[in-house]
>>> print(open('target_17.cif').read())   # mmCIF, C-alpha atoms
data_upload
loop_
_atom_site.group_PDB
_atom_site.id
_atom_site.type_symbol
_atom_site.label_atom_id
_atom_site.label_comp_id
_atom_site.auth_asym_id
_atom_site.auth_seq_id
_atom_site.Cartn_x
_atom_site.Cartn_y
_atom_site.Cartn_z
ATOM 1 C CA MET A 1 -8.453 9.900 -30.040
ATOM 2 C CA ALA A 2 -6.909 13.203 -30.938
ATOM 3 C CA ASN A 3 -9.744 14.778 -32.884
ATOM 4 C CA GLU A 4 -8.782 18.308 -31.950
ATOM 5 C CA LYS A 5 -5.865 18.417 -34.355
ATOM 6 C CA ARG A 6 -8.167 18.978 -37.310
ATOM 7 C CA LYS A 7 -8.113 22.771 -37.284
ATOM 8 C CA ASN A 8 -5.761 23.575 -40.142
ATOM 9 C CA VAL A 9 -6.988 21.223 -42.794
ATOM 10 C CA THR A 10 -7.587 22.019 -46.427
ATOM 11 C CA PRO A 11 -11.122 21.721 -47.867
ATOM 12 C CA VAL A 12 -10.075 18.579 -49.686
ATOM 13 C CA GLN A 13 -8.990 16.994 -46.449
ATOM 14 C CA GLN A 14 -12.260 17.960 -44.820
ATOM 15 C CA GLU A 15 -14.168 16.441 -47.666
ATOM 16 C CA TYR A 16 -12.164 13.273 -47.379
ATOM 17 C CA HIS A 17 -12.778 13.164 -43.659
ATOM 18 C CA LEU A 18 -16.532 13.294 -44.172
ATOM 19 C CA PHE A 19 -16.270 10.665 -46.875
ATOM 20 C CA GLU A 20 -14.267 8.471 -44.506
ATOM 21 C CA LYS A 21 -16.708 8.949 -41.683
ATOM 22 C CA GLU A 22 -19.637 7.924 -43.861
ATOM 23 C CA ARG A 23 -18.009 4.688 -44.859
ATOM 24 C CA GLU A 24 -16.514 3.756 -41.510
ATOM 25 C CA THR A 25 -18.081 0.572 -40.198
ATOM 26 C CA LYS A 26 -20.311 1.404 -37.259
ATOM 27 C CA ARG A 27 -19.291 -0.362 -34.098
ATOM 28 C CA PRO A 28 -22.081 -2.545 -32.749
ATOM 29 C CA VAL A 29 -22.044 -0.780 -29.387
ATOM 30 C CA VAL A 30 -25.117 -2.427 -27.881
ATOM 31 C CA LYS A 31 -24.048 -5.925 -28.866
ATOM 32 C CA ASN A 32 -20.535 -5.304 -27.539
ATOM 33 C CA CYS A 33 -21.962 -4.018 -24.266
ATOM 34 C CA PHE A 34 -24.100 -7.137 -23.806
ATOM 35 C CA ARG A 35 -21.101 -9.353 -24.452
ATOM 36 C CA ALA A 36 -18.929 -7.323 -22.066
ATOM 37 C CA PHE A 37 -21.649 -7.467 -19.412
ATOM 38 C CA PHE A 38 -22.112 -11.203 -19.751
ATOM 39 C CA VAL A 39 -18.456 -12.257 -19.815
ATOM 40 C CA GLY A 40 -17.388 -9.692 -17.211
ATOM 41 C CA GLY A 41 -20.206 -10.836 -14.963
ATOM 42 C CA ILE A 42 -19.199 -14.474 -15.303
ATOM 43 C CA ILE A 43 -15.566 -13.677 -14.469
ATOM 44 C CA CYS A 44 -16.748 -11.880 -11.321
ATOM 45 C CA VAL A 45 -18.934 -14.867 -10.365
ATOM 46 C CA ILE A 46 -15.885 -17.138 -10.716
ATOM 47 C CA GLY A 47 -13.998 -14.676 -8.523
ATOM 48 C CA GLN A 48 -16.806 -14.788 -5.994
ATOM 49 C CA ALA A 49 -16.652 -18.587 -5.907
ATOM 50 C CA ILE A 50 -12.879 -18.467 -5.365
ATOM 51 C CA SER A 51 -13.212 -15.967 -2.534
ATOM 52 C CA TYR A 52 -15.826 -18.200 -0.857
ATOM 53 C CA PHE A 53 -13.337 -21.041 -1.198
ATOM 54 C CA TYR A 54 -10.714 -18.963 0.622
ATOM 55 C CA MET A 55 -13.201 -17.890 3.286
ATOM 56 C CA TYR A 56 -14.353 -21.411 4.124
ATOM 57 C CA PHE A 57 -11.171 -23.458 3.797
ATOM 58 C CA PHE A 58 -8.602 -20.881 4.884
ATOM 59 C CA ASP A 59 -8.624 -18.225 7.511
ATOM 60 C CA PHE A 60 -9.734 -15.263 5.418
ATOM 61 C CA THR A 61 -12.513 -12.816 6.143
ATOM 62 C CA GLU A 62 -14.760 -11.172 3.597
ATOM 63 C CA GLN A 63 -12.464 -8.125 3.582
ATOM 64 C CA THR A 64 -9.153 -9.973 3.219
ATOM 65 C CA ALA A 65 -10.311 -12.687 0.786
ATOM 66 C CA GLY A 66 -9.935 -10.244 -2.113
ATOM 67 C CA ASN A 67 -6.145 -10.483 -2.027
ATOM 68 C CA PRO A 68 -5.671 -14.256 -2.602
ATOM 69 C CA THR A 69 -8.634 -14.214 -4.981
ATOM 70 C CA VAL A 70 -6.884 -11.680 -7.204
ATOM 71 C CA ALA A 71 -3.711 -13.781 -7.139
ATOM 72 C CA THR A 72 -5.667 -16.889 -8.126
ATOM 73 C CA MET A 73 -7.411 -15.046 -10.953
ATOM 74 C CA VAL A 74 -4.043 -13.854 -12.268
ATOM 75 C CA PHE A 75 -2.795 -17.448 -12.112
ATOM 76 C CA LEU A 76 -5.820 -18.634 -14.098
ATOM 77 C CA SER A 77 -5.292 -15.909 -16.680
ATOM 78 C CA MET A 78 -1.670 -17.091 -17.051
ATOM 79 C CA ILE A 79 -2.873 -20.601 -17.904
ATOM 80 C CA PHE A 80 -5.521 -19.363 -20.317
ATOM 81 C CA THR A 81 -3.201 -16.841 -21.938
ATOM 82 C CA GLY A 82 -0.474 -19.451 -22.299
ATOM 83 C CA ILE A 83 -2.655 -21.963 -24.096
ATOM 84 C CA GLY A 84 -4.069 -19.197 -26.267
ATOM 85 C CA VAL A 85 -7.670 -19.344 -25.072
ATOM 86 C CA TYR A 86 -7.765 -15.926 -23.396
ATOM 87 C CA ASP A 87 -7.237 -13.990 -26.601
ATOM 88 C CA ARG A 88 -10.136 -15.812 -28.241
ATOM 89 C CA ILE A 89 -12.447 -14.958 -25.357
ATOM 90 C CA ALA A 90 -11.143 -11.389 -25.412
ATOM 91 C CA GLN A 91 -12.022 -11.012 -29.074
ATOM 92 C CA PHE A 92 -15.573 -11.956 -28.261
ATOM 93 C CA ALA A 93 -15.928 -10.049 -24.996
ATOM 94 C CA GLY A 94 -13.952 -6.824 -25.480
ATOM 95 C CA ALA A 95 -13.914 -4.932 -22.202
ATOM 96 C CA GLY A 96 -15.540 -7.902 -20.461
ATOM 97 C CA THR A 97 -12.129 -9.560 -20.284
ATOM 98 C CA ALA A 98 -10.015 -6.391 -20.160
ATOM 99 C CA VAL A 99 -11.587 -4.666 -17.165
ATOM 100 C CA PRO A 100 -11.447 -7.537 -14.634
ATOM 101 C CA VAL A 101 -8.081 -8.144 -13.006
ATOM 102 C CA THR A 102 -7.577 -11.122 -15.335
ATOM 103 C CA GLY A 103 -7.136 -8.565 -18.123
ATOM 104 C CA PHE A 104 -4.311 -6.979 -16.160
ATOM 105 C CA GLY A 105 -2.747 -10.421 -15.728
ATOM 106 C CA ASN A 106 -3.239 -11.165 -19.409
ATOM 107 C CA ALA A 107 -1.506 -7.908 -20.395
ATOM 108 C CA VAL A 108 1.538 -8.707 -18.244
ATOM 109 C CA ILE A 109 1.763 -12.345 -19.213
ATOM 110 C CA SER A 110 1.194 -11.978 -22.939
ATOM 111 C CA ALA A 111 3.880 -9.270 -23.045
ATOM 112 C CA ALA A 112 6.244 -11.584 -21.154
ATOM 113 C CA ILE A 113 5.594 -14.504 -23.502
ATOM 114 C CA GLU A 114 5.729 -12.383 -26.625
ATOM 115 C CA HIS A 115 9.148 -10.935 -25.874
ATOM 116 C CA ARG A 116 10.893 -14.073 -24.679
ATOM 117 C CA THR A 117 12.588 -14.461 -28.043
ATOM 118 C CA GLU A 118 14.543 -11.285 -27.231
ATOM 119 C CA GLY A 119 16.026 -12.949 -24.149
ATOM 120 C CA PHE A 120 14.996 -13.064 -20.544
ATOM 121 C CA VAL A 121 16.619 -9.840 -19.361
ATOM 122 C CA LEU A 122 16.102 -7.454 -22.259
ATOM 123 C CA GLY A 123 13.002 -9.197 -23.597
ATOM 124 C CA VAL A 124 10.884 -10.568 -20.784
ATOM 125 C CA GLY A 125 12.244 -8.369 -18.010
ATOM 126 C CA ALA A 126 12.154 -5.104 -19.885
ATOM 127 C CA ASN A 127 8.835 -5.574 -21.654
ATOM 128 C CA MET A 128 6.715 -7.325 -19.047
ATOM 129 C CA PHE A 129 4.951 -4.164 -17.902
ATOM 130 C CA LYS A 130 4.812 -2.557 -21.332
ATOM 131 C CA LEU A 131 1.003 -2.596 -21.399
ATOM 132 C CA ALA A 132 0.176 -2.869 -17.716
ATOM 133 C CA GLY A 133 2.674 -0.231 -16.631
ATOM 134 C CA SER A 134 0.275 2.639 -17.308
ATOM 135 C CA VAL A 135 -2.299 1.049 -15.016
ATOM 136 C CA ILE A 136 0.244 0.778 -12.207
ATOM 137 C CA LEU A 137 1.587 4.283 -12.778
ATOM 138 C CA PHE A 138 -1.738 6.091 -12.844
ATOM 139 C CA GLY A 139 -3.227 3.912 -10.121
ATOM 140 C CA THR A 140 -0.312 4.547 -7.803
ATOM 141 C CA PHE A 141 -0.107 8.252 -8.528
ATOM 142 C CA ALA A 142 -3.845 8.797 -8.127
ATOM 143 C CA ALA A 143 -3.826 6.777 -4.913
ATOM 144 C CA PHE A 144 -0.898 8.838 -3.644
ATOM 145 C CA ILE A 145 -2.717 12.124 -4.255
ATOM 146 C CA VAL A 146 -6.022 10.850 -2.844
ATOM 147 C CA ALA A 147 -4.425 9.365 0.263
ATOM 148 C CA LEU A 148 -2.276 12.460 0.800
ATOM 149 C CA VAL A 149 -5.213 14.843 0.522
ATOM 150 C CA LYS A 150 -7.361 12.704 2.768
ATOM 151 C CA THR A 151 -4.661 12.267 5.405
ATOM 152 C CA ILE A 152 -4.006 15.990 5.512
ATOM 153 C CA ALA A 153 -7.734 16.735 5.647
ATOM 154 C CA VAL A 154 -8.269 14.274 8.501
ATOM 155 C CA LYS A 155 -5.158 15.115 10.526
ATOM 156 C CA TRP A 156 -5.064 18.880 10.238
ATOM 157 C CA GLY A 157 -8.383 19.827 8.784
ATOM 158 C CA GLY A 158 -10.381 18.092 11.480
ATOM 159 C CA LEU A 159 -12.469 16.202 8.933
ATOM 160 C CA GLY A 160 -13.554 12.600 9.294
ATOM 161 C CA MET B 1 -25.019 -16.465 -0.668
ATOM 162 C CA ILE B 2 -26.862 -16.846 -4.000
ATOM 163 C CA GLY B 3 -27.733 -13.164 -3.718
ATOM 164 C CA LEU B 4 -24.081 -12.202 -3.523
ATOM 165 C CA PHE B 5 -23.335 -14.254 -6.657
ATOM 166 C CA PHE B 6 -26.140 -12.440 -8.444
ATOM 167 C CA TRP B 7 -24.951 -8.989 -7.429
ATOM 168 C CA ALA B 8 -21.348 -9.916 -8.225
ATOM 169 C CA PHE B 9 -22.522 -10.801 -11.734
ATOM 170 C CA VAL B 10 -24.571 -7.633 -12.196
ATOM 171 C CA VAL B 11 -22.122 -5.122 -10.706
ATOM 172 C CA GLY B 12 -19.060 -6.736 -12.286
ATOM 173 C CA GLY B 13 -20.861 -6.844 -15.615
ATOM 174 C CA LEU B 14 -21.894 -3.207 -15.364
ATOM 175 C CA ILE B 15 -18.339 -2.050 -14.658
ATOM 176 C CA CYS B 16 -17.254 -3.939 -17.777
ATOM 177 C CA VAL B 17 -20.035 -2.246 -19.757
ATOM 178 C CA ILE B 18 -18.719 1.141 -18.614
ATOM 179 C CA GLY B 19 -15.308 0.090 -19.933
ATOM 180 C CA GLN B 20 -16.833 -1.095 -23.207
ATOM 181 C CA ILE B 21 -18.669 2.217 -23.659
ATOM 182 C CA MET B 22 -15.446 4.136 -23.058
ATOM 183 C CA ILE B 23 -13.741 2.041 -25.753
ATOM 184 C CA ASP B 24 -16.576 2.078 -28.313
ATOM 185 C CA VAL B 25 -18.289 5.418 -27.850
ATOM 186 C CA PHE B 26 -15.427 7.646 -26.689
ATOM 187 C CA LYS B 27 -12.888 5.803 -28.890
ATOM 188 C CA LEU B 28 -10.325 5.340 -26.148
ATOM 189 C CA THR B 29 -7.693 2.625 -26.293
ATOM 190 C CA PRO B 30 -8.029 -0.193 -23.737
ATOM 191 C CA ALA B 31 -4.919 1.125 -21.952
ATOM 192 C CA HIS B 32 -6.511 4.575 -21.537
ATOM 193 C CA THR B 33 -9.752 2.973 -20.373
ATOM 194 C CA LEU B 34 -8.054 0.855 -17.728
ATOM 195 C CA SER B 35 -5.963 3.778 -16.499
ATOM 196 C CA ILE B 36 -9.073 5.928 -16.119
ATOM 197 C CA LEU B 37 -10.944 3.150 -14.298
ATOM 198 C CA VAL B 38 -8.070 2.704 -11.831
ATOM 199 C CA VAL B 39 -8.032 6.428 -11.105
ATOM 200 C CA VAL B 40 -11.814 6.390 -10.654
ATOM 201 C CA GLY B 41 -11.497 3.522 -8.174
ATOM 202 C CA ALA B 42 -8.892 5.453 -6.190
ATOM 203 C CA ILE B 43 -11.053 8.582 -6.088
ATOM 204 C CA LEU B 44 -14.169 6.621 -5.079
ATOM 205 C CA ASP B 45 -12.290 5.110 -2.151
ATOM 206 C CA GLY B 46 -11.091 8.596 -1.212
ATOM 207 C CA PHE B 47 -14.731 9.511 -0.663
ATOM 208 C CA GLY B 48 -15.372 6.231 1.124
ATOM 209 C CA LEU B 49 -17.729 4.973 -1.579
ATOM 210 C CA TYR B 50 -15.925 1.843 -2.730
ATOM 211 C CA GLU B 51 -16.058 -0.143 0.490
ATOM 212 C CA PRO B 52 -19.888 -0.170 0.589
ATOM 213 C CA LEU B 53 -19.854 -1.420 -3.003
ATOM 214 C CA ILE B 54 -17.603 -4.340 -1.991
ATOM 215 C CA ASP B 55 -19.932 -5.190 0.894
ATOM 216 C CA PHE B 56 -22.815 -5.137 -1.541
ATOM 217 C CA ALA B 57 -21.352 -6.926 -4.551
ATOM 218 C CA GLY B 58 -18.341 -8.885 -3.264
ATOM 219 C CA ALA B 59 -16.164 -10.026 -6.146
ATOM 220 C CA GLY B 60 -18.257 -7.912 -8.507
ATOM 221 C CA ALA B 61 -16.374 -4.964 -7.013
ATOM 222 C CA THR B 62 -13.042 -6.580 -6.121
ATOM 223 C CA ILE B 63 -12.322 -8.293 -9.447
ATOM 224 C CA PRO B 64 -12.634 -5.298 -11.840
ATOM 225 C CA ILE B 65 -9.493 -3.181 -12.129
ATOM 226 C CA THR B 66 -11.173 -0.305 -10.236
ATOM 227 C CA SER B 67 -10.517 -2.259 -7.044
ATOM 228 C CA PHE B 68 -6.782 -1.907 -7.732
ATOM 229 C CA GLY B 69 -7.046 1.843 -7.225
ATOM 230 C CA ASN B 70 -9.263 1.246 -4.229
ATOM 231 C CA SER B 71 -6.817 -1.070 -2.486
ATOM 232 C CA LEU B 72 -3.872 1.232 -3.202
ATOM 233 C CA VAL B 73 -5.660 4.067 -1.417
ATOM 234 C CA HIS B 74 -6.775 1.674 1.301
ATOM 235 C CA GLY B 75 -3.260 0.479 2.098
ATOM 236 C CA ALA B 76 -1.942 4.035 2.057
ATOM 237 C CA LEU B 77 -4.662 5.300 4.403
ATOM 238 C CA GLN B 78 -4.285 2.372 6.813
ATOM 239 C CA GLU B 79 -0.590 2.994 7.167
ATOM 240 C CA ALA B 80 -1.082 6.770 7.299
ATOM 241 C CA ASP B 81 -3.358 6.177 10.256
ATOM 242 C CA LYS B 82 -0.556 4.484 12.142
ATOM 243 C CA HIS B 83 2.542 6.383 11.063
ATOM 244 C CA GLY B 84 1.266 9.730 9.847
ATOM 245 C CA ILE B 85 1.977 11.277 6.475
ATOM 246 C CA ILE B 86 4.961 9.021 5.615
ATOM 247 C CA GLY B 87 2.590 6.066 5.791
ATOM 248 C CA VAL B 88 1.047 7.203 2.495
ATOM 249 C CA LEU B 89 4.225 6.024 0.777
ATOM 250 C CA THR B 90 5.068 3.016 2.921
ATOM 251 C CA GLY B 91 1.563 1.581 2.933
ATOM 252 C CA MET B 92 0.698 2.106 -0.735
ATOM 253 C CA PHE B 93 1.177 -1.508 -1.849
ATOM 254 C CA GLU B 94 0.262 -3.150 1.447
ATOM 255 C CA VAL B 95 -3.100 -4.452 0.249
ATOM 256 C CA THR B 96 -2.345 -4.835 -3.468
ATOM 257 C CA SER B 97 0.831 -6.836 -2.979
ATOM 258 C CA ALA B 98 -0.827 -10.091 -4.089
ATOM 259 C CA GLY B 99 -1.982 -8.750 -7.457
ATOM 260 C CA ILE B 100 1.386 -7.250 -8.399
ATOM 261 C CA SER B 101 3.514 -10.133 -7.115
ATOM 262 C CA ALA B 102 1.225 -12.696 -8.728
ATOM 263 C CA ALA B 103 1.418 -10.839 -12.043
ATOM 264 C CA ILE B 104 5.232 -10.703 -11.901
ATOM 265 C CA VAL B 105 5.758 -14.302 -10.716
ATOM 266 C CA PHE B 106 3.178 -15.908 -12.979
ATOM 267 C CA GLY B 107 4.205 -13.675 -15.867
ATOM 268 C CA PHE B 108 7.748 -14.997 -15.624
ATOM 269 C CA ILE B 109 6.609 -18.603 -15.167
ATOM 270 C CA GLY B 110 4.360 -18.136 -18.185
ATOM 271 C CA ALA B 111 7.293 -16.874 -20.233
ATOM 272 C CA LEU B 112 9.290 -19.952 -19.182
ATOM 273 C CA LEU B 113 6.523 -22.412 -19.971
ATOM 274 C CA PHE B 114 4.841 -21.084 -23.088
ATOM 275 C CA ARG B 115 6.052 -20.084 -26.497
ATOM 276 C CA PRO B 116 4.609 -17.141 -28.411
ATOM 277 C CA LYS B 117 1.954 -18.130 -30.910
ATOM 278 C CA GLY B 118 2.245 -16.759 -34.390
#
>>> encode(input="target_17.cif", output="structure tokens")
Amino acid sequence: MANEKRKNVTPVQQEYHLFEKERETKRPVVKNCFRAFFVGGIICVIGQAISYFYMYFFDFTEQTAGNPTVATMVFLSMIFTGIGVYDRIAQFAGAGTAVPVTGFGNAVISAAIEHRTEGFVLGVGANMFKLAGSVILFGTFAAFIVALVKTIAVKWGGLG
Amino acid sequence: MIGLFFWAFVVGGLICVIGQIMIDVFKLTPAHTLSILVVVGAILDGFGLYEPLIDFAGAGATIPITSFGNSLVHGALQEADKHGIIGVLTGMFEVTSAGISAAIVFGFIGALLFRPKG
């Protein structure tokens, strides 16, 4: 990540860095992208099927069906994380399982399961959002700024 | 109906590919990638661009994490419409409540039911 820190390095370090870069295994980007596309697409198709289920059998519209669908997907990711299948799929699919909301569920649930040995309050309770917390923080803060700017622009700026 | 399944597959898959490229090419951690995608979703909804995508691709747009940012903004704007500027805070989680509560409830149930695997 932080590649900018390499300003004050000795020649030997630079040499080593080049040496390291040459030997670093290249990530199979194209193959990974195909896998991510395929698995991510399938997860979204499952989600689509679930939202049709909610639209036909319960009183949800196309706009509101997203909410129970997300909850159901999180439930499914709990089951699959618990029996250890989700991590196997994730190893194959990379971002294909991380980007859908099931990845968010998986992050919460695997953290909860992992820390249960430390007790329910200090382990599960304190560590549950260890990984997913950043998503909630930045999502909420960005949404706050966006909604604030838009509200001000619409109310007092005469836009919209 | 089949068309919507198709577009859900394609759009959902493409959003995942964007995430994969951010991880592989720009060497970001998955946590950074997800955070950026959520922020992008929020900004897209600010410009009113996410809702058309949901109409077009259904779950292909609502299942990826970008929709989390979208629904946060959506709830905030809905409430801001009714109650003015304070609604931005009170309405924030209106639409996303299911995702967060499901994650908390099922996370705890999962911790009760399953044991960590070595």
>>> residues_around(input="target_17.cif", residues="A:Leu131", least_positions_apart="2", cutoff="9 Å", atoms="all atoms listed in the file", output="PyMOL selection string")
(chain A and resi 104+107-108+111+127-129+133-135) or (chain B and resi 31)
>>> atom_distance(input="target_17.cif", atom1="atom CA of B:Pro64", atom2="atom CA of B:Glu51")
13.8 Å
>>> closest_residue(input="target_17.cif", among="B:Ala59, B:Ile100, B:Asp45, B:Lys82", to="A:Ala65", atoms="all atoms listed in the file")
B:Ala59
>>> atom_distance(input="target_17.cif", atom1="atom CA of B:Lys27", atom2="atom CA of A:Ala132")
19.3 Å
>>> residues_around(input="target_17.cif", residues="B:Pro116", least_positions_apart="2", cutoff="9 Å", atoms="only C-alpha atoms", output="list in words")
Gly82, Ser110, Ile113, Glu114, His115, Arg116 and Thr117 of chain A; Ala111, Phe114 and Gly118 of chain B
>>> residues_around(input="target_17.cif", residues="A:Val74", least_positions_apart="4", cutoff="7 Å", atoms="all atoms listed in the file", output="list in words")
Val70, Met78, Thr102 and Gly105 of chain A; Ala102 and Ala103 of chain B
>>> interface_residues(input="target_17.cif", of="chain A", to="chain B", cutoff="6 Å", atoms="all atoms listed in the file", output="number ranges by chain")
A: 33, 36-37, 40-41, 44-45, 47-48, 67, 70-71, 82, 95-96, 99-101, 105, 109, 112-114, 135, 139, 142-143, 146-147
>>> atom_distance(input="target_17.cif", atom1="atom CA of A:Ser77", atom2="atom CA of A:Ile136")
18.1 Å
>>> closest_residue(input="target_17.cif", among="A:Trp156, A:Phe144, A:Tyr86, A:Phe120", to="A:Val39", atoms="all atoms listed in the file")
A:Tyr86
